[in-house]
Amino acid sequence: MIKRQLGAGICRPALVVALLIMLTGCLEQSRTTVDDQGARVSGFDWGLPDHIPLPREPEDNPMTEEKFQLGRHLFYDTRLSSNGTISCSSCHHQDKAFSDGLAQASGATGERHPRNSQALVNVAWNNSLTWGNPSLGTIEKQIMIPLFGDDPIEHGLNEGNHEQVLRNLQAEPVYASLFAEAFPEQSDPLAGDLAWDNIVKALGSFVRGLVSFDSDFDRGTMSEQALRGERLFNSERLECFHCHAGYNFTDATTDRLTTFNTVLFHNTGLYNIDGLGAYPSPNTGRHEVTGNPGHMGQFRAPGLRNVALTAPYNHDGSVDTLEDVIRNYAAGGRLRVSPPYPGDGRMNPYKDGFIVSFSITESEIQDLVAFLESLTDQAFIANPRFSNPWTDNSNKDLTP
Amino acid sequence: MIRFCVLLALLLPVMGHAHYIPEDARLEVSASVAATWRSSSLVDEYEFWQIPGTMMGGHAWPQEKGVSVDEATLTVGSRINERVFGVIEIGSHGGGDDHSDEVELQHAYLGYVCCDSAGPWVLEAGKMSAVFSPSLASHAVDRWISDSPLINDVFFGRDFHDEGVRFWWHETAGVSAGVEVWRGNAYPATDTGDTNWDVFASYLWQGERFTLSGGGWFYQASASSRADHRYGGTHIHTPVAPPGVTATLFPDTRFTGDTDIAGLHGAIRYNPQPHWQWGVEAELMQMNMDGILHDSTGRQASVDSDQFGAWVQPYLQWRRHTMGLRGEWLSTDNHLVGAAAPVLATDSGLANPQDHDPERYTAFWHWQWRDNLALRTEVTEDRTLPESDLRWSVGVVWSGQLWPATSASGAGHHH
């Protein structure tokens with residue numbers, strides 16, 4: 001009797017278990033499908049590591065190798081200025097990661113630019129392109145400013161001289177084939193207003209193609225000191241990584257994966273000339289464009305790739321070394337007791353919330369600098385693809 | 001014999017629930033604690049527990065090597081008058097030394113019993129656990145196994161405490177049914193989304209030797225920018241690892257959209273002899289998630305996910321000893337569309353490059369050594385991650401009434 005009851009007691013639950021296990025057998029094989037809608041497709045060989053998303057390409061100026069090569073020739077051509085003295089490369093030297101080592105550069109007429117020349121490193125991923133102008137969304141629009149701007153004068157092109165400049169370019173035999181290859185759908189791409197549109201697009205393509213992702217940091221070959229610096233950089237004590245975020249170490253980054261962007265600018269407490277937060281004119285940053293008092297002193301956080309090559313620092317080149325940049329942040333801003341522009345930037349009311357003082361030793365500063373130096377891409381500054389094509393070694397095969 | 005059976009019924013409910021209706025006008029204070037030693041950690045230090053193909057969150061911490069307090073609760077309840085009762089419970093969820101296992105208010109609700117002292121209609125409001133799923137409503141001390149069911153971890157972040165209102169037909173003729181409306185503080189909802197609600201029904205039949213129960217439920221949650229609060233969701237701190245060890249920053253990917261989960265549960269218990277019982281418990285859940293993944297850098301991708309999970313737990317009881325098995329299975333089917341879909345799939349955990357089917361199998365022995373004190377040991381083959389993990393665990397469970405003093409646990413009306 002007991003045996004029969006136990007037997008029934010076993011069979012019934014066993015049947016239920018068997019049924020339930022059979023049910024779980026109906027589970028389908030797990031899978032995840034992903035459709036990136038062509039986000040990794042480009043007609044241009046960017047040569048990027050797998051983890052770096054492609055940058056956006058303007059619909060009216062998709063990247064091609066031919067436009068890149070034409071832009072490279074134009075970038076280094078001093079004929080692209082009012083008096084034949086200035087080219088883009090005058091303020092953007094390859095060995096300095098396309099900065100110029102000066103606090104402020106001078107244009108074709110000798111007029112001094114109030115801003116420090118920015119490095120041209122991975123510009124394709126920037127969501128804003130100048131130190132403080134939130135309205136400039138494309139490289140092509142930005143290029144118009146150094147070419148045709150008059151405050152300050154850089155290349156010095158204007159209504160009165162642009163036809164002569166174009167004639168000088170037309171006289172260069174190399175350009176006939178370069179323009180034809182870059183714009184094969186046009187019958188005469190080096191003529192008239194269309195030529196200037198093409199020049200800007202080609203320059204934009206070259207600048208967009210200046211790609212740097214081959215540093216010790218990228219290769220994972222950082223020194224122990226640099227690794228210590230990286231931990232400091234990513235620490236909540238120093239807070240560096242909030243504004244210098246992501247693969248380009250700036251929060252002003254966009255790529256094909258982003259569907260919306262917030263254009264960010266920051267006041268780092270460099271100046272406070274009136275005790276109310278003012279920056280010296282005309283360098284008032286985003287405020288210069290918007291007129292909004294709350295935007296006083298706000299500038300774009302520059303990317304830090306190759307930053308060790310781009311001294312002096314900050315928007316006006318007023319800080320000589322990376323050590324001093326770090327010391328200013330450690331102090332929560334800069335105190336200037338002597339001219340020009342004395343004032344206590346630490347007390348600037350428009351200062352970004354992340355610019356708070358922190359304690360740091362000299363040894364830690366050196367660690368942090370070692371980390372920043374590990375972002376230097378020696379291959380980038382020596383890459384013949386990015387070098388001056390008008391020199392003797394310009395006939396090399398430079399396809400990527 | 002009757003006394004033994006009553007005691008056994010108190011100690012061994014078909015499925016343990018955390019919900020509690022005080023029946024006595026006196027203040028009742030009870031407490032419970034479950035602590036477990038485990039032989040290994042599911043993930044290494046400075047790593048995240050992220051089951052491939054799933055989005056996780058809530059309190060679904062990974063099991064850690066060594067001793068941990070899985071759960072500790074202190075419950076105070078009283079019948080305020082013939083129709084009104086109140087319950088307050090504070091407790092902590094386990095999660096290891098580095099996790100957010102601080103004490104929190106888990107229950108604070110008032111209830112109104114309508115029509116007679118035992119129901120059938122009950123209206124409750126406040127912070128409380130959901131009752132739609134018996135396993136989700138149960139505490140760690142109520143289960144045979146220290147680990148909560150895998151589908152509870154994945155679909156609900158292990159537990160469910162939220163502010164809400166419940167109106168239900170309460171255990172009359174074996175039937176319970178009702179509706180719950182939630183504010184949205186419990187994973188997978190957020191309180192910035194739309195209404196979160198559920199409906200449920202269950203049936204309990206008790207015969208001379210058989211006890212059967214079963215039920216079904218449907219839960220709908222809305223989330224806006226939902227984070228995985230285990231590791232992210234607020235100001236992200238970079239993990240600090242010792243020199244030479246890499247600590248990965250948690251990718252704070254958010255979900256905005258709707259989650260629908262439906263479930264069926266059932267239990268059968270049979271006692272062929274006075275000291276012997278057999279039983280099987282099981283639960284199935286089907287989850288659909290439809291919305292957008294996004295992150296702070298402006299990346300977005302649409303996601304449509306169907307996931308199905310189940311667990312089955314047969315067991316054998318002899319006197320105060322219970323031995324059994326629990327098998328758990330999860331199947332995921334996710335589809336992401338958008339330029340950022342590949343990276344967001346990886347960051348969110350929905351990527352499943354190996355088409356991994358998460359599984360977990362646990363064998364347990366539970367010994368109710370004293371009325372309020374139980375010991376349990378388990379061996380678990382954990383295949384929730386592509387690399388399987390075999391771990392042993394030994395635990396102790398204490399549960400009892402502190403005031404007024406009684407010899408048996410389970411005073412009040414747990415169900």
# chains A, B, ... in the order shown; residues from 1 in each chain; ligands from 1
>>> select_by_dssp(residues="segment 152-362 of chain B", states="alpha helix (DSSP H)", output="NGL selection string")
:B and (152-156 or 341-348)
>>> residues_around(residues="segment 218-224 of chain A", least_positions_apart="6", cutoff="10 Å", atoms="only C-alpha atoms", output="PyMOL selection string")
(chain A and resi 49+212+230+247+367+370-371+373-377) or (chain B and resi 243-244)
>>> residues_around(residues="Cys240 of chain A", least_positions_apart="4", cutoff="12 Å", atoms="only C-alpha atoms", output="PyMOL selection string")
(chain A and resi 229-236+244-246+249-251+268+301+303-304+325-326+329-330+353-358+368+372) or (chain B and resi 238)
>>> atom_distance(atom1="atom CA of Pro146 of chain A", atom2="atom CA of Pro55 of chain A")
23.2 Å
>>> select_by_dssp(residues="segment 194-305 of chain A", states="strand (DSSP E or B)", output="ChimeraX atom specification")
/A:253,258,266,285,298-299
>>> write_last_selection(atoms="all heavy atoms", output="PDB file, in the first residue's frame")
ATOM      1  N   THR A 253      32.326  66.154 -29.625  1.00  0.00           N
ATOM      2  CA  THR A 253      32.528  65.078 -30.597  1.00  0.00           C
ATOM      3  C   THR A 253      31.194  64.620 -31.168  1.00  0.00           C
ATOM      4  O   THR A 253      30.202  64.497 -30.449  1.00  0.00           O
ATOM      5  CB  THR A 253      33.228  63.879 -29.921  1.00  0.00           C
ATOM      6  OG1 THR A 253      34.521  64.283 -29.476  1.00  0.00           O
ATOM      7  CG2 THR A 253      33.384  62.714 -30.890  1.00  0.00           C
ATOM      8  N   THR A 258      25.884  59.179 -33.688  1.00  0.00           N
ATOM      9  CA  THR A 258      25.114  60.116 -32.873  1.00  0.00           C
ATOM     10  C   THR A 258      23.948  60.672 -33.685  1.00  0.00           C
ATOM     11  O   THR A 258      24.112  61.025 -34.852  1.00  0.00           O
ATOM     12  CB  THR A 258      25.989  61.273 -32.368  1.00  0.00           C
ATOM     13  OG1 THR A 258      26.603  61.891 -33.495  1.00  0.00           O
ATOM     14  CG2 THR A 258      27.069  60.769 -31.435  1.00  0.00           C
ATOM     15  N   HIS A 266      32.908  75.754 -22.421  1.00  0.00           N
ATOM     16  CA  HIS A 266      33.181  75.812 -20.980  1.00  0.00           C
ATOM     17  C   HIS A 266      34.019  77.051 -20.636  1.00  0.00           C
ATOM     18  O   HIS A 266      34.971  77.383 -21.335  1.00  0.00           O
ATOM     19  CB  HIS A 266      33.939  74.564 -20.527  1.00  0.00           C
ATOM     20  CG  HIS A 266      33.291  73.290 -20.973  1.00  0.00           C
ATOM     21  ND1 HIS A 266      32.264  72.695 -20.283  1.00  0.00           N
ATOM     22  CD2 HIS A 266      33.525  72.497 -22.056  1.00  0.00           C
ATOM     23  CE1 HIS A 266      31.889  71.584 -20.928  1.00  0.00           C
ATOM     24  NE2 HIS A 266      32.637  71.445 -22.004  1.00  0.00           N
ATOM     25  N   GLY A 285      34.758  84.366 -26.172  1.00  0.00           N
ATOM     26  CA  GLY A 285      34.264  83.018 -26.409  1.00  0.00           C
ATOM     27  C   GLY A 285      32.889  82.972 -27.036  1.00  0.00           C
ATOM     28  O   GLY A 285      32.552  83.757 -27.925  1.00  0.00           O
ATOM     29  N   GLN A 298      33.219  81.214 -22.425  1.00  0.00           N
ATOM     30  CA  GLN A 298      33.024  79.800 -22.749  1.00  0.00           C
ATOM     31  C   GLN A 298      33.725  79.440 -24.054  1.00  0.00           C
ATOM     32  O   GLN A 298      33.477  80.057 -25.087  1.00  0.00           O
ATOM     33  CB  GLN A 298      31.533  79.486 -22.873  1.00  0.00           C
ATOM     34  CG  GLN A 298      30.803  79.502 -21.540  1.00  0.00           C
ATOM     35  CD  GLN A 298      29.388  78.982 -21.669  1.00  0.00           C
ATOM     36  OE1 GLN A 298      28.870  78.806 -22.773  1.00  0.00           O
ATOM     37  NE2 GLN A 298      28.751  78.716 -20.545  1.00  0.00           N
ATOM     38  N   PHE A 299      34.583  78.430 -23.968  1.00  0.00           N
ATOM     39  CA  PHE A 299      35.308  77.961 -25.144  1.00  0.00           C
ATOM     40  C   PHE A 299      35.158  76.440 -25.257  1.00  0.00           C
ATOM     41  O   PHE A 299      34.859  75.755 -24.286  1.00  0.00           O
ATOM     42  CB  PHE A 299      36.800  78.339 -25.041  1.00  0.00           C
ATOM     43  CG  PHE A 299      37.036  79.820 -25.114  1.00  0.00           C
ATOM     44  CD1 PHE A 299      37.078  80.587 -23.954  1.00  0.00           C
ATOM     45  CD2 PHE A 299      37.201  80.448 -26.335  1.00  0.00           C
ATOM     46  CE1 PHE A 299      37.282  81.956 -24.011  1.00  0.00           C
ATOM     47  CE2 PHE A 299      37.398  81.820 -26.400  1.00  0.00           C
ATOM     48  CZ  PHE A 299      37.439  82.578 -25.245  1.00  0.00           C
TER      49      PHE A 299
END
>>> residues_around(residues="segment 271-286 of chain B", least_positions_apart="2", cutoff="7 Å", atoms="only C-alpha atoms", output="ChimeraX atom specification")
/A:5-6,9,13,17 /B:209-210,261-269,288,307-319
>>> write_last_selection(atoms="N, CA and C atoms", output="tab-separated table (two decimals), in the first residue's frame")
chain	number	residue	atom	x	y	z
A	5	GLN	N	1.39	4.01	-2.98
A	5	GLN	CA	1.17	5.46	-2.79
A	5	GLN	C	2.43	6.24	-3.15
A	6	LEU	N	3.60	5.70	-2.72
A	6	LEU	CA	4.83	6.39	-3.05
A	6	LEU	C	5.07	6.41	-4.56
A	9	GLY	N	2.99	8.89	-6.00
A	9	GLY	CA	3.56	10.19	-5.63
A	9	GLY	C	4.75	10.56	-6.49
A	13	PRO	N	4.29	13.88	-10.00
A	13	PRO	CA	5.18	15.04	-10.18
A	13	PRO	C	6.17	14.84	-11.31
A	17	VAL	N	6.95	17.40	-14.22
A	17	VAL	CA	8.30	17.90	-14.51
A	17	VAL	C	8.65	17.64	-15.97
B	209	ARG	N	-4.65	14.99	-0.16
B	209	ARG	CA	-3.23	14.73	-0.35
B	209	ARG	C	-2.59	15.72	-1.35
B	210	PHE	N	-3.39	16.27	-2.19
B	210	PHE	CA	-2.89	17.18	-3.22
B	210	PHE	C	-3.12	18.64	-2.83
B	261	ILE	N	5.30	42.23	-19.83
B	261	ILE	CA	5.70	40.91	-19.35
B	261	ILE	C	4.44	40.15	-18.94
B	262	ALA	N	4.32	38.92	-19.43
B	262	ALA	CA	3.22	38.05	-19.03
B	262	ALA	C	3.80	36.80	-18.40
B	263	GLY	N	3.09	36.27	-17.44
B	263	GLY	CA	3.62	35.10	-16.75
B	263	GLY	C	2.55	34.10	-16.36
B	264	LEU	N	2.98	32.88	-16.27
B	264	LEU	CA	2.15	31.79	-15.74
B	264	LEU	C	2.94	31.10	-14.64
B	265	HIS	N	2.27	30.74	-13.58
B	265	HIS	CA	2.96	30.02	-12.51
B	265	HIS	C	2.07	28.89	-12.02
B	266	GLY	N	2.69	27.88	-11.49
B	266	GLY	CA	1.94	26.76	-10.98
B	266	GLY	C	2.75	25.98	-9.97
B	267	ALA	N	2.04	25.29	-9.12
B	267	ALA	CA	2.71	24.44	-8.12
B	267	ALA	C	1.80	23.27	-7.79
B	268	ILE	N	2.42	22.17	-7.56
B	268	ILE	CA	1.68	20.99	-7.16
B	268	ILE	C	2.43	20.34	-6.00
B	269	ARG	N	1.69	19.92	-5.00
B	269	ARG	CA	2.32	19.24	-3.86
B	269	ARG	C	1.48	18.01	-3.53
B	288	ASN	N	8.33	41.40	-23.70
B	288	ASN	CA	8.56	42.15	-24.92
B	288	ASN	C	8.99	43.57	-24.56
B	307	GLN	N	11.77	38.06	-25.18
B	307	GLN	CA	12.55	37.14	-24.36
B	307	GLN	C	11.60	36.24	-23.59
B	308	PHE	N	12.02	35.00	-23.44
B	308	PHE	CA	11.18	34.00	-22.78
B	308	PHE	C	12.03	33.28	-21.76
B	309	GLY	N	11.49	33.12	-20.58
B	309	GLY	CA	12.24	32.43	-19.54
B	309	GLY	C	11.34	31.54	-18.71
B	310	ALA	N	11.95	30.56	-18.08
B	310	ALA	CA	11.18	29.62	-17.27
B	310	ALA	C	12.06	28.99	-16.21
B	311	TRP	N	11.46	28.58	-15.13
B	311	TRP	CA	12.16	27.73	-14.17
B	311	TRP	C	11.20	26.65	-13.68
B	312	VAL	N	11.78	25.51	-13.38
B	312	VAL	CA	11.02	24.35	-12.88
B	312	VAL	C	11.77	23.82	-11.67
B	313	GLN	N	11.03	23.54	-10.63
B	313	GLN	CA	11.68	23.13	-9.38
B	313	GLN	C	10.96	21.94	-8.75
B	314	PRO	N	11.35	20.72	-9.04
B	314	PRO	CA	10.82	19.56	-8.34
B	314	PRO	C	11.56	19.35	-7.01
B	315	TYR	N	10.84	18.87	-6.03
B	315	TYR	CA	11.49	18.67	-4.73
B	315	TYR	C	10.83	17.49	-4.00
B	316	LEU	N	11.55	17.02	-3.03
B	316	LEU	CA	11.11	15.91	-2.18
B	316	LEU	C	11.33	16.32	-0.74
B	317	GLN	N	10.27	16.11	0.08
B	317	GLN	CA	10.39	16.45	1.50
B	317	GLN	C	10.23	15.21	2.35
B	318	TRP	N	11.04	15.12	3.35
B	318	TRP	CA	10.88	14.10	4.38
B	318	TRP	C	11.10	14.78	5.71
B	319	ARG	N	10.05	14.78	6.48
B	319	ARG	CA	10.06	15.52	7.75
B	319	ARG	C	10.56	16.94	7.50
>>> interface_residues(of="chain B", to="chain A", cutoff="6 Å", atoms="only C-alpha atoms", output="MDAnalysis selection string")
chainID B and resid 272 298:299 331:341 351:352 355 357
>>> atom_distance(atom1="atom CA of Ser81 of chain A", atom2="atom CA of Thr138 of chain A")
21.7 Å
>>> atom_distance(atom1="atom CA of Gly132 of chain A", atom2="atom CA of Val307 of chain A")
18.8 Å
